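What follows is the content of target_34.cif, which has mmCIF, C-alpha atoms; chains and numbers go by the auth columns:
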```cif
data_input
#
loop_
_atom_site.group_PDB
_atom_site.id
_atom_site.type_symbol
_atom_site.label_atom_id
_atom_site.label_comp_id
_atom_site.label_asym_id
_atom_site.label_seq_id
_atom_site.Cartn_x
_atom_site.Cartn_y
_atom_site.Cartn_z
_atom_site.B_iso_or_equiv
_atom_site.auth_seq_id
_atom_site.auth_asym_id
ATOM 1 C CA MET A 1 75.762 -40.686 54.611 0.00 1 A
ATOM 2 C CA LEU A 2 74.232 -37.561 56.128 0.00 2 A
ATOM 3 C CA ASP A 3 73.858 -37.389 59.871 0.00 3 A
ATOM 4 C CA VAL A 4 71.314 -35.264 61.703 0.00 4 A
ATOM 5 C CA SER A 5 74.067 -34.353 64.151 0.00 5 A
ATOM 6 C CA ASP A 6 75.816 -32.494 61.340 0.00 6 A
ATOM 7 C CA LEU A 7 73.059 -29.834 61.322 0.00 7 A
ATOM 8 C CA PRO A 8 73.967 -26.594 63.098 0.00 8 A
ATOM 9 C CA SER A 9 72.787 -27.078 66.645 0.00 9 A
ATOM 10 C CA LEU A 10 72.926 -23.356 67.357 0.00 10 A
ATOM 11 C CA TYR A 11 70.289 -22.739 64.678 0.00 11 A
ATOM 12 C CA LEU A 12 67.897 -25.192 66.314 0.00 12 A
ATOM 13 C CA LEU A 13 68.354 -23.389 69.624 0.00 13 A
ATOM 14 C CA ASP A 14 67.821 -19.974 68.001 0.00 14 A
ATOM 15 C CA LEU A 15 64.702 -21.237 66.207 0.00 15 A
ATOM 16 C CA PHE A 16 63.265 -22.528 69.476 0.00 16 A
ATOM 17 C CA LEU A 17 63.910 -19.211 71.203 0.00 17 A
ATOM 18 C CA LEU A 18 62.390 -17.287 68.287 0.00 18 A
ATOM 19 C CA THR A 19 59.232 -19.348 68.081 0.00 19 A
ATOM 20 C CA SER A 20 58.744 -19.181 71.832 0.00 20 A
ATOM 21 C CA GLY A 21 59.014 -15.384 71.856 0.00 21 A
ATOM 22 C CA THR A 22 56.718 -12.639 70.692 0.00 22 A
ATOM 23 C CA GLY A 23 58.684 -11.659 67.586 0.00 23 A
ATOM 24 C CA LEU A 24 57.386 -14.492 65.449 0.00 24 A
ATOM 25 C CA SER A 25 53.830 -14.084 66.702 0.00 25 A
ATOM 26 C CA LEU A 26 53.804 -10.368 65.902 0.00 26 A
ATOM 27 C CA GLY A 27 55.256 -11.021 62.475 0.00 27 A
ATOM 28 C CA VAL A 28 52.674 -13.675 61.636 0.00 28 A
ATOM 29 C CA ILE A 29 49.813 -11.543 62.972 0.00 29 A
ATOM 30 C CA SER A 30 51.027 -8.564 60.943 0.00 30 A
ATOM 31 C CA ILE A 31 51.107 -10.630 57.742 0.00 31 A
ATOM 32 C CA ILE A 32 47.629 -12.030 58.421 0.00 32 A
ATOM 33 C CA VAL A 33 46.223 -8.529 58.996 0.00 33 A
ATOM 34 C CA LEU A 34 47.912 -7.202 55.856 0.00 34 A
ATOM 35 C CA LEU A 35 46.603 -10.120 53.800 0.00 35 A
ATOM 36 C CA PHE A 36 43.108 -9.447 55.131 0.00 36 A
ATOM 37 C CA LEU A 37 43.385 -5.778 54.135 0.00 37 A
ATOM 38 C CA SER A 38 44.750 -6.725 50.730 0.00 38 A
ATOM 39 C CA GLY A 39 41.821 -9.084 50.240 0.00 39 A
ATOM 40 C CA LEU A 40 39.305 -6.399 51.198 0.00 40 A
ATOM 41 C CA ILE A 41 40.781 -3.897 48.759 0.00 41 A
ATOM 42 C CA SER A 42 41.097 -6.426 45.925 0.00 42 A
ATOM 43 C CA GLY A 43 37.551 -7.575 46.526 0.00 43 A
ATOM 44 C CA SER A 44 36.284 -3.998 46.575 0.00 44 A
ATOM 45 C CA GLU A 45 37.563 -3.535 43.024 0.00 45 A
ATOM 46 C CA VAL A 46 35.307 -6.334 41.829 0.00 46 A
ATOM 47 C CA ALA A 47 32.452 -5.174 44.043 0.00 47 A
ATOM 48 C CA PHE A 48 32.372 -1.572 42.822 0.00 48 A
ATOM 49 C CA PHE A 49 33.019 -2.275 39.158 0.00 49 A
ATOM 50 C CA SER A 50 30.511 -5.116 38.870 0.00 50 A
ATOM 51 C CA LEU A 51 27.531 -3.137 40.171 0.00 51 A
ATOM 52 C CA THR A 52 24.714 -3.205 37.615 0.00 52 A
ATOM 53 C CA ALA A 53 21.971 -0.693 36.840 0.00 53 A
ATOM 54 C CA ASN A 54 19.611 -2.684 39.064 0.00 54 A
ATOM 55 C CA ASP A 55 22.131 -2.520 41.882 0.00 55 A
ATOM 56 C CA TYR A 56 22.379 1.254 41.561 0.00 56 A
ATOM 57 C CA GLU A 57 18.601 1.528 41.596 0.00 57 A
ATOM 58 C CA GLU A 58 18.543 -0.409 44.844 0.00 58 A
ATOM 59 C CA ILE A 59 21.272 1.823 46.269 0.00 59 A
ATOM 60 C CA GLU A 60 19.409 4.975 45.227 0.00 60 A
ATOM 61 C CA SER A 61 16.250 3.737 46.907 0.00 61 A
ATOM 62 C CA LYS A 62 18.028 3.636 50.273 0.00 62 A
ATOM 63 C CA GLU A 63 19.109 7.165 51.110 0.00 63 A
ATOM 64 C CA ASN A 64 22.053 7.208 53.494 0.00 64 A
ATOM 65 C CA PRO A 65 25.636 8.598 53.556 0.00 65 A
ATOM 66 C CA THR A 66 27.244 5.284 52.593 0.00 66 A
ATOM 67 C CA ASN A 67 25.023 4.837 49.549 0.00 67 A
ATOM 68 C CA ARG A 68 25.729 8.419 48.500 0.00 68 A
ATOM 69 C CA LEU A 69 29.422 7.604 48.557 0.00 69 A
ATOM 70 C CA ILE A 70 28.881 4.553 46.358 0.00 70 A
ATOM 71 C CA LEU A 71 26.915 6.673 43.895 0.00 71 A
ATOM 72 C CA SER A 72 29.687 9.272 43.861 0.00 72 A
ATOM 73 C CA PHE A 73 32.226 6.589 42.966 0.00 73 A
ATOM 74 C CA ARG A 74 30.178 5.798 39.873 0.00 74 A
ATOM 75 C CA ASP A 75 30.997 9.280 38.527 0.00 75 A
ATOM 76 C CA GLN A 76 34.774 8.951 39.062 0.00 76 A
ATOM 77 C CA PRO A 77 35.733 5.408 38.073 0.00 77 A
ATOM 78 C CA ARG A 78 39.320 6.261 37.157 0.00 78 A
ATOM 79 C CA ASN A 79 40.070 7.865 40.516 0.00 79 A
ATOM 80 C CA LEU A 80 38.408 4.931 42.235 0.00 80 A
ATOM 81 C CA LEU A 81 40.459 2.370 40.330 0.00 81 A
ATOM 82 C CA ALA A 82 43.696 4.332 40.803 0.00 82 A
ATOM 83 C CA THR A 83 43.091 4.559 44.561 0.00 83 A
ATOM 84 C CA ILE A 84 42.399 0.833 44.832 0.00 84 A
ATOM 85 C CA LEU A 85 45.529 -0.061 42.849 0.00 85 A
ATOM 86 C CA ILE A 86 47.764 2.288 44.830 0.00 86 A
ATOM 87 C CA ALA A 87 46.469 1.072 48.183 0.00 87 A
ATOM 88 C CA ASN A 88 46.750 -2.567 47.160 0.00 88 A
ATOM 89 C CA ASN A 89 50.319 -2.114 45.957 0.00 89 A
ATOM 90 C CA PHE A 90 51.364 -0.427 49.194 0.00 90 A
ATOM 91 C CA ILE A 91 49.880 -3.268 51.220 0.00 91 A
ATOM 92 C CA ASN A 92 51.432 -5.940 48.994 0.00 92 A
ATOM 93 C CA ILE A 93 54.847 -4.294 49.346 0.00 93 A
ATOM 94 C CA ALA A 94 54.408 -4.308 53.118 0.00 94 A
ATOM 95 C CA ILE A 95 53.510 -8.016 52.982 0.00 95 A
ATOM 96 C CA VAL A 96 56.634 -8.801 50.958 0.00 96 A
ATOM 97 C CA LEU A 97 58.870 -6.859 53.350 0.00 97 A
ATOM 98 C CA MET A 98 57.323 -8.430 56.452 0.00 98 A
ATOM 99 C CA SER A 99 57.499 -11.921 54.949 0.00 99 A
ATOM 100 C CA THR A 100 61.130 -11.424 53.952 0.00 100 A
ATOM 101 C CA LEU A 101 62.090 -10.313 57.456 0.00 101 A
ATOM 102 C CA LEU A 102 60.173 -13.190 59.011 0.00 102 A
ATOM 103 C CA LEU A 103 61.712 -15.805 56.730 0.00 103 A
ATOM 104 C CA GLU A 104 65.186 -14.370 57.255 0.00 104 A
ATOM 105 C CA SER A 105 64.680 -14.823 60.980 0.00 105 A
ATOM 106 C CA LEU A 106 63.320 -18.348 60.604 0.00 106 A
ATOM 107 C CA PHE A 107 65.754 -19.465 57.897 0.00 107 A
ATOM 108 C CA PRO A 108 69.017 -17.506 58.097 0.00 108 A
ATOM 109 C CA LYS A 109 71.510 -18.057 55.327 0.00 109 A
ATOM 110 C CA GLY A 110 73.792 -19.872 57.775 0.00 110 A
ATOM 111 C CA ILE A 111 71.445 -22.838 58.163 0.00 111 A
ATOM 112 C CA PHE A 112 71.306 -23.434 54.410 0.00 112 A
ATOM 113 C CA MET A 113 75.056 -23.015 54.115 0.00 113 A
ATOM 114 C CA GLY A 114 75.526 -25.577 56.862 0.00 114 A
ATOM 115 C CA TRP A 115 73.309 -28.074 55.037 0.00 115 A
ATOM 116 C CA LEU A 116 74.935 -27.418 51.675 0.00 116 A
ATOM 117 C CA GLU A 117 78.449 -27.685 53.050 0.00 117 A
ATOM 118 C CA THR A 118 77.506 -31.023 54.553 0.00 118 A
ATOM 119 C CA LEU A 119 76.101 -32.124 51.175 0.00 119 A
ATOM 120 C CA GLN A 120 79.243 -30.995 49.393 0.00 120 A
ATOM 121 C CA GLU A 121 81.358 -33.038 51.767 0.00 121 A
ATOM 122 C CA ASN A 122 79.358 -36.157 50.902 0.00 122 A
ATOM 123 C CA TYR A 123 78.407 -35.624 47.237 0.00 123 A
ATOM 124 C CA GLU A 124 80.889 -34.216 44.747 0.00 124 A
ATOM 125 C CA TRP A 125 78.241 -33.220 42.192 0.00 125 A
ATOM 126 C CA THR A 126 76.922 -30.589 44.633 0.00 126 A
ATOM 127 C CA GLN A 127 80.234 -28.718 44.415 0.00 127 A
ATOM 128 C CA ILE A 128 79.366 -27.183 41.032 0.00 128 A
ATOM 129 C CA ILE A 129 77.981 -24.126 42.863 0.00 129 A
ATOM 130 C CA SER A 130 79.211 -22.346 45.955 0.00 130 A
ATOM 131 C CA ALA A 131 77.355 -22.995 49.191 0.00 131 A
ATOM 132 C CA GLU A 132 76.789 -19.276 49.770 0.00 132 A
ATOM 133 C CA LEU A 133 75.252 -18.706 46.331 0.00 133 A
ATOM 134 C CA ALA A 134 73.064 -21.810 46.636 0.00 134 A
ATOM 135 C CA ALA A 135 71.883 -20.737 50.114 0.00 135 A
ATOM 136 C CA THR A 136 70.923 -17.296 48.812 0.00 136 A
ATOM 137 C CA PHE A 137 69.022 -18.844 45.899 0.00 137 A
ATOM 138 C CA ILE A 138 67.145 -21.307 48.142 0.00 138 A
ATOM 139 C CA ARG A 139 66.063 -18.621 50.593 0.00 139 A
ATOM 140 C CA PHE A 140 65.029 -16.313 47.742 0.00 140 A
ATOM 141 C CA THR A 141 62.986 -19.119 46.156 0.00 141 A
ATOM 142 C CA ILE A 142 61.212 -19.920 49.418 0.00 142 A
ATOM 143 C CA THR A 143 60.365 -16.243 49.877 0.00 143 A
ATOM 144 C CA VAL A 144 59.092 -15.721 46.333 0.00 144 A
ATOM 145 C CA VAL A 145 57.050 -18.928 46.153 0.00 145 A
ATOM 146 C CA GLY A 146 55.587 -18.557 49.641 0.00 146 A
ATOM 147 C CA VAL A 147 54.690 -14.884 49.374 0.00 147 A
ATOM 148 C CA THR A 148 53.324 -15.257 45.843 0.00 148 A
ATOM 149 C CA PHE A 149 51.094 -18.139 46.937 0.00 149 A
ATOM 150 C CA LEU A 150 49.732 -16.156 49.886 0.00 150 A
ATOM 151 C CA LEU A 151 49.119 -13.020 47.823 0.00 151 A
ATOM 152 C CA VAL A 152 47.449 -14.826 44.941 0.00 152 A
ATOM 153 C CA LEU A 153 45.220 -17.035 47.089 0.00 153 A
ATOM 154 C CA PHE A 154 44.270 -14.785 49.984 0.00 154 A
ATOM 155 C CA GLY A 155 44.894 -11.369 48.456 0.00 155 A
ATOM 156 C CA GLU A 156 43.401 -11.882 44.992 0.00 156 A
ATOM 157 C CA VAL A 157 41.515 -15.074 44.133 0.00 157 A
ATOM 158 C CA ALA A 158 39.500 -15.745 47.303 0.00 158 A
ATOM 159 C CA PRO A 159 38.364 -12.146 47.939 0.00 159 A
ATOM 160 C CA LYS A 160 37.430 -11.564 44.302 0.00 160 A
ATOM 161 C CA VAL A 161 35.347 -14.745 44.229 0.00 161 A
ATOM 162 C CA TYR A 162 33.637 -13.620 47.439 0.00 162 A
ATOM 163 C CA ALA A 163 33.063 -10.120 46.031 0.00 163 A
ATOM 164 C CA ARG A 164 31.502 -11.563 42.909 0.00 164 A
ATOM 165 C CA TYR A 165 28.627 -12.978 44.952 0.00 165 A
ATOM 166 C CA ASN A 166 28.492 -10.304 47.676 0.00 166 A
ATOM 167 C CA LYS A 167 29.179 -7.111 45.749 0.00 167 A
ATOM 168 C CA LEU A 168 26.588 -4.895 47.446 0.00 168 A
ATOM 169 C CA LYS A 169 27.595 -6.031 50.910 0.00 169 A
ATOM 170 C CA LEU A 170 31.285 -5.500 50.246 0.00 170 A
ATOM 171 C CA ALA A 171 30.753 -2.183 48.456 0.00 171 A
ATOM 172 C CA THR A 172 28.800 -0.913 51.453 0.00 172 A
ATOM 173 C CA LEU A 173 31.492 -2.129 53.851 0.00 173 A
ATOM 174 C CA MET A 174 34.360 -0.548 51.897 0.00 174 A
ATOM 175 C CA ALA A 175 32.730 2.735 50.820 0.00 175 A
ATOM 176 C CA ARG A 176 34.023 4.819 53.732 0.00 176 A
ATOM 177 C CA PRO A 177 37.541 3.289 53.818 0.00 177 A
ATOM 178 C CA ILE A 178 37.872 3.810 50.058 0.00 178 A
ATOM 179 C CA LYS A 179 36.744 7.438 50.436 0.00 179 A
ATOM 180 C CA THR A 180 39.406 7.950 53.097 0.00 180 A
ATOM 181 C CA MET A 181 42.053 6.397 50.864 0.00 181 A
ATOM 182 C CA MET A 182 40.958 8.567 47.937 0.00 182 A
ATOM 183 C CA SER A 183 41.689 11.639 50.056 0.00 183 A
ATOM 184 C CA LEU A 184 44.944 10.184 51.368 0.00 184 A
ATOM 185 C CA PHE A 185 46.287 9.102 47.968 0.00 185 A
ATOM 186 C CA LYS A 186 44.828 12.012 45.992 0.00 186 A
ATOM 187 C CA PRO A 187 48.189 13.308 44.661 0.00 187 A
ATOM 188 C CA LEU A 188 49.300 9.830 43.598 0.00 188 A
ATOM 189 C CA SER A 189 45.972 8.906 42.042 0.00 189 A
ATOM 190 C CA PHE A 190 45.865 12.256 40.191 0.00 190 A
ATOM 191 C CA ALA A 191 49.318 11.592 38.750 0.00 191 A
ATOM 192 C CA LEU A 192 48.346 8.042 37.785 0.00 192 A
ATOM 193 C CA VAL A 193 45.074 9.071 36.142 0.00 193 A
ATOM 194 C CA SER A 194 46.730 11.976 34.319 0.00 194 A
ATOM 195 C CA GLY A 195 49.494 9.736 33.029 0.00 195 A
ATOM 196 C CA ALA A 196 46.997 7.136 31.880 0.00 196 A
ATOM 197 C CA SER A 197 44.990 9.846 30.067 0.00 197 A
ATOM 198 C CA VAL A 198 48.095 11.052 28.216 0.00 198 A
ATOM 199 C CA VAL A 199 48.953 7.515 27.118 0.00 199 A
ATOM 200 C CA GLU A 200 45.349 6.895 26.066 0.00 200 A
ATOM 201 C CA LYS A 201 45.247 10.069 23.936 0.00 201 A
ATOM 202 C CA ARG A 202 48.519 9.191 22.232 0.00 202 A
ATOM 203 C CA LEU A 203 47.243 5.713 21.464 0.00 203 A
ATOM 204 C CA GLU A 204 44.035 7.185 20.044 0.00 204 A
ATOM 205 C CA ASN A 205 45.974 9.626 17.872 0.00 205 A
ATOM 206 C CA HIS A 206 48.260 6.845 16.716 0.00 206 A
ATOM 207 C CA SER A 207 45.305 4.637 15.762 0.00 207 A
ATOM 208 C CA ILE A 208 43.707 7.509 13.800 0.00 208 A
ATOM 209 C CA ASP A 209 46.927 8.136 11.905 0.00 209 A
#
```
Now that the file is in, can you turn its structure into structure tokens?
Amino acid sequence: MLDVSDLPSLYLLDLFLLTSGTGLSLGVISIIVLLFLSGLISGSEVAFFSLTANDYEEIESKENPTNRLILSFRDQPRNLLATILIANNFINIAIVLMSTLLLESLFPKGIFMGWLETLQENYEWTQIISAELAATFIRFTITVVGVTFLLVLFGEVAPKVYARYNKLKLATLMARPIKTMMSLFKPLSFALVSGASVVEKRLENHSID
């Protein structure tokens, strides 16, 4: 039978020290902020690309710098989409890296190896795979499932549902940040748009042939 005393006591001490310090708090806050930014950018995609003719008429009737930006985006949809995708991917990569570091601190491979070695001592069928390989797989699974859930729920689904019903409000909020990102990612977005245009032309030529 398994005994709680078999668990690595040093890990419990390290976990207590970690959670009582600032490292964990900063990591969690960073992930929350990044998820919020990811949600804003994902939602802005829906907001800008779901604006109707009536929406643009309303925007045109209110002359101000922000509305002029929104109108300018209408004339460059590919650059707008490329900028949104690039920014969102950068943020999502940052979320994955931060989450991986945080989970590695919370759940080091040693704790899983300790559990699995204890299991292998008590149950022979668990010896079909090495403790080290199983520990790596478990930690990888926790990271993938946890991060994917957070990204899908808070970085994609929820903000896009919100943007669907608040497109003008969100478009107005994100107009200036998107403009800044368009300038910042101009070389990358140009390369992405140019590459997409080449692929599109080849597909068109192939369909004609």
So what does the PyMOL selection byres ((chain A and resi 158-162) around 9) actually pick up in this one, as a PyMOL selection string? chain A and resi 38-47+152-157+163-167+170
Interatomic distance between atom CA of Val198 of chain A and atom CA of Leu69 of chain A?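 Going from atom CA of Val198 of chain A over to atom CA of Leu69 of chain A, I get 27.8 Å.
The coordinates place atom CA of Val28 of chain A at 8.4 Å from atom CA of Ser99 of chain A.
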Across A:Arg139, A:Lys186, A:Lys169, A:Lys179, the smallest distance to Asp55 of chain A, with all atoms listed in the file counted, is shown by A:Lys169
Nearest to Ile31 of chain A among A:Ser183, A:Asn92, A:Thr66, A:Thr83, with distances taken over all atoms listed in the file: which residue is it?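 Closest to Ile31 of chain A of all the choices is A:Asn92.
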Nearest to Ile178 of chain A: which of A:Ser25, A:Ser50, A:Ser30, A:Ser72 is it, counting only C-alpha atoms?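 Using only C-alpha atoms, Ile178 of chain A sits closest to A:Ser72.
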Result set, the PyMOL selection byres ((chain A and resi 77) around 12) on current file, as a ChimeraX atom specification: /A:45,48-50,70-76,78-84,182,189,193
What are the centre and the three edge lengths of an axis-aligned box that wraps all atoms of segment 83-86 of chain A in the file, given that 6 Å is added to every side, written as AutoDock Vina command-line options and rounded to one decimal in Å?
```
--center_x 45.1 --center_y 2.2 --center_z 43.8 --size_x 17.4 --size_y 16.6 --size_z 14.0
```
Do you have the atom CA of Ile91 of chain A-atom CA of Leu35 of chain A distance handy?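 Atom-to-atom, atom CA of Ile91 of chain A and atom CA of Leu35 of chain A are spaced 8.0 Å apart.
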Output check: residues returned by the PyMOL selection byres ((chain A and resi 147) around 12), as JSON, numbers by chain: {"A": [31, 32, 35, 92, 93, 94, 95, 96, 97, 98, 99, 100, 101, 102, 103, 140, 141, 142, 143, 144, 145, 146, 148, 149, 150, 151, 152, 153, 154, 155]}
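Of the residues under consideration (A:Tyr56, A:Ile86, A:Arg68, A:Gly27), A:Ile86 shows the shortest atom-to-atom contact distance to Ala191 of chain A when counting all atoms listed in the file.
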Is it possible to add all heavy atoms to segment 159-170 of chain A and hand it back as an mmCIF file, in the frame of the given file?
```
data_model
loop_
_atom_site.group_PDB
_atom_site.id
_atom_site.type_symbol
_atom_site.label_atom_id
_atom_site.label_comp_id
_atom_site.auth_asym_id
_atom_site.auth_seq_id
_atom_site.Cartn_x
_atom_site.Cartn_y
_atom_site.Cartn_z
ATOM 1 N N PRO A 159 39.218 -13.324 47.744
ATOM 2 C CA PRO A 159 38.364 -12.146 47.939
ATOM 3 C C PRO A 159 37.582 -11.740 46.699
ATOM 4 O O PRO A 159 36.450 -11.254 46.809
ATOM 5 C CB PRO A 159 39.360 -11.044 48.339
ATOM 6 C CG PRO A 159 40.687 -11.534 47.940
ATOM 7 C CD PRO A 159 40.629 -13.014 47.996
ATOM 8 N N LYS A 160 38.143 -11.941 45.518
ATOM 9 C CA LYS A 160 37.430 -11.564 44.302
ATOM 10 C C LYS A 160 36.278 -12.528 44.019
ATOM 11 O O LYS A 160 35.241 -12.114 43.497
ATOM 12 C CB LYS A 160 38.394 -11.495 43.121
ATOM 13 C CG LYS A 160 39.306 -10.272 43.195
ATOM 14 C CD LYS A 160 40.209 -10.137 41.992
ATOM 15 C CE LYS A 160 41.015 -8.844 42.089
ATOM 16 N NZ LYS A 160 41.931 -8.652 40.947
ATOM 17 N N VAL A 161 36.454 -13.791 44.357
ATOM 18 C CA VAL A 161 35.347 -14.745 44.229
ATOM 19 C C VAL A 161 34.243 -14.378 45.210
ATOM 20 O O VAL A 161 33.050 -14.386 44.867
ATOM 21 C CB VAL A 161 35.842 -16.188 44.482
ATOM 22 C CG1 VAL A 161 34.662 -17.147 44.580
ATOM 23 C CG2 VAL A 161 36.781 -16.632 43.374
ATOM 24 N N TYR A 162 34.629 -14.042 46.437
ATOM 25 C CA TYR A 162 33.637 -13.620 47.439
ATOM 26 C C TYR A 162 32.910 -12.359 46.976
ATOM 27 O O TYR A 162 31.681 -12.257 47.096
ATOM 28 C CB TYR A 162 34.325 -13.376 48.777
ATOM 29 C CG TYR A 162 33.412 -12.797 49.831
ATOM 30 C CD1 TYR A 162 32.584 -13.619 50.592
ATOM 31 C CD2 TYR A 162 33.365 -11.415 50.058
ATOM 32 C CE1 TYR A 162 31.741 -13.089 51.550
ATOM 33 C CE2 TYR A 162 32.512 -10.880 51.005
ATOM 34 C CZ TYR A 162 31.707 -11.716 51.748
ATOM 35 O OH TYR A 162 30.859 -11.185 52.690
ATOM 36 N N ALA A 163 33.655 -11.389 46.460
ATOM 37 C CA ALA A 163 33.063 -10.120 46.031
ATOM 38 C C ALA A 163 32.099 -10.314 44.870
ATOM 39 O O ALA A 163 31.123 -9.565 44.732
ATOM 40 C CB ALA A 163 34.160 -9.136 45.646
ATOM 41 N N ARG A 164 32.371 -11.304 44.055
ATOM 42 C CA ARG A 164 31.502 -11.563 42.909
ATOM 43 C C ARG A 164 30.073 -11.877 43.348
ATOM 44 O O ARG A 164 29.104 -11.504 42.677
ATOM 45 C CB ARG A 164 32.070 -12.733 42.096
ATOM 46 C CG ARG A 164 31.324 -13.044 40.822
ATOM 47 C CD ARG A 164 31.509 -11.948 39.802
ATOM 48 N NE ARG A 164 30.845 -12.269 38.545
ATOM 49 C CZ ARG A 164 30.771 -11.438 37.523
ATOM 50 N NH1 ARG A 164 31.328 -10.224 37.605
ATOM 51 N NH2 ARG A 164 30.143 -11.794 36.426
ATOM 52 N N TYR A 165 29.947 -12.554 44.478
ATOM 53 C CA TYR A 165 28.627 -12.978 44.952
ATOM 54 C C TYR A 165 28.101 -12.103 46.098
ATOM 55 O O TYR A 165 26.970 -12.300 46.537
ATOM 56 C CB TYR A 165 28.691 -14.430 45.415
ATOM 57 C CG TYR A 165 29.035 -15.390 44.297
ATOM 58 C CD1 TYR A 165 30.331 -15.860 44.128
ATOM 59 C CD2 TYR A 165 28.060 -15.814 43.397
ATOM 60 C CE1 TYR A 165 30.645 -16.730 43.094
ATOM 61 C CE2 TYR A 165 28.371 -16.686 42.363
ATOM 62 C CZ TYR A 165 29.671 -17.132 42.218
ATOM 63 O OH TYR A 165 29.983 -17.984 41.180
ATOM 64 N N ASN A 166 28.909 -11.173 46.575
ATOM 65 C CA ASN A 166 28.492 -10.304 47.676
ATOM 66 C C ASN A 166 28.895 -8.858 47.392
ATOM 67 O O ASN A 166 29.404 -8.161 48.280
ATOM 68 C CB ASN A 166 29.123 -10.779 48.996
ATOM 69 C CG ASN A 166 28.753 -12.196 49.357
ATOM 70 O OD1 ASN A 166 27.727 -12.446 49.970
ATOM 71 N ND2 ASN A 166 29.593 -13.144 48.970
ATOM 72 N N LYS A 167 28.665 -8.420 46.171
ATOM 73 C CA LYS A 167 29.179 -7.111 45.749
ATOM 74 C C LYS A 167 28.554 -5.958 46.515
ATOM 75 O O LYS A 167 29.253 -5.025 46.923
ATOM 76 C CB LYS A 167 28.988 -6.933 44.241
ATOM 77 C CG LYS A 167 27.587 -7.212 43.730
ATOM 78 C CD LYS A 167 27.567 -7.202 42.216
ATOM 79 C CE LYS A 167 26.190 -7.601 41.685
ATOM 80 N NZ LYS A 167 26.172 -7.631 40.195
ATOM 81 N N LEU A 168 27.245 -5.981 46.726
ATOM 82 C CA LEU A 168 26.588 -4.895 47.446
ATOM 83 C C LEU A 168 27.054 -4.829 48.900
ATOM 84 O O LEU A 168 27.299 -3.743 49.441
ATOM 85 C CB LEU A 168 25.074 -5.051 47.388
ATOM 86 C CG LEU A 168 24.388 -4.573 46.106
ATOM 87 C CD1 LEU A 168 22.904 -4.914 46.135
ATOM 88 C CD2 LEU A 168 24.575 -3.069 45.934
ATOM 89 N N LYS A 169 27.162 -5.972 49.510
ATOM 90 C CA LYS A 169 27.595 -6.031 50.910
ATOM 91 C C LYS A 169 29.016 -5.508 51.056
ATOM 92 O O LYS A 169 29.309 -4.704 51.960
ATOM 93 C CB LYS A 169 27.508 -7.481 51.412
ATOM 94 C CG LYS A 169 27.906 -7.667 52.863
ATOM 95 C CD LYS A 169 27.753 -9.118 53.273
ATOM 96 C CE LYS A 169 28.165 -9.322 54.730
ATOM 97 N NZ LYS A 169 28.033 -10.741 55.149
ATOM 98 N N LEU A 170 29.897 -5.925 50.159
ATOM 99 C CA LEU A 170 31.285 -5.500 50.246
ATOM 100 C C LEU A 170 31.449 -4.036 49.851
ATOM 101 O O LEU A 170 32.257 -3.309 50.448
ATOM 102 C CB LEU A 170 32.164 -6.387 49.356
ATOM 103 C CG LEU A 170 33.676 -6.193 49.486
ATOM 104 C CD1 LEU A 170 34.116 -6.397 50.929
ATOM 105 C CD2 LEU A 170 34.419 -7.154 48.567
#
```
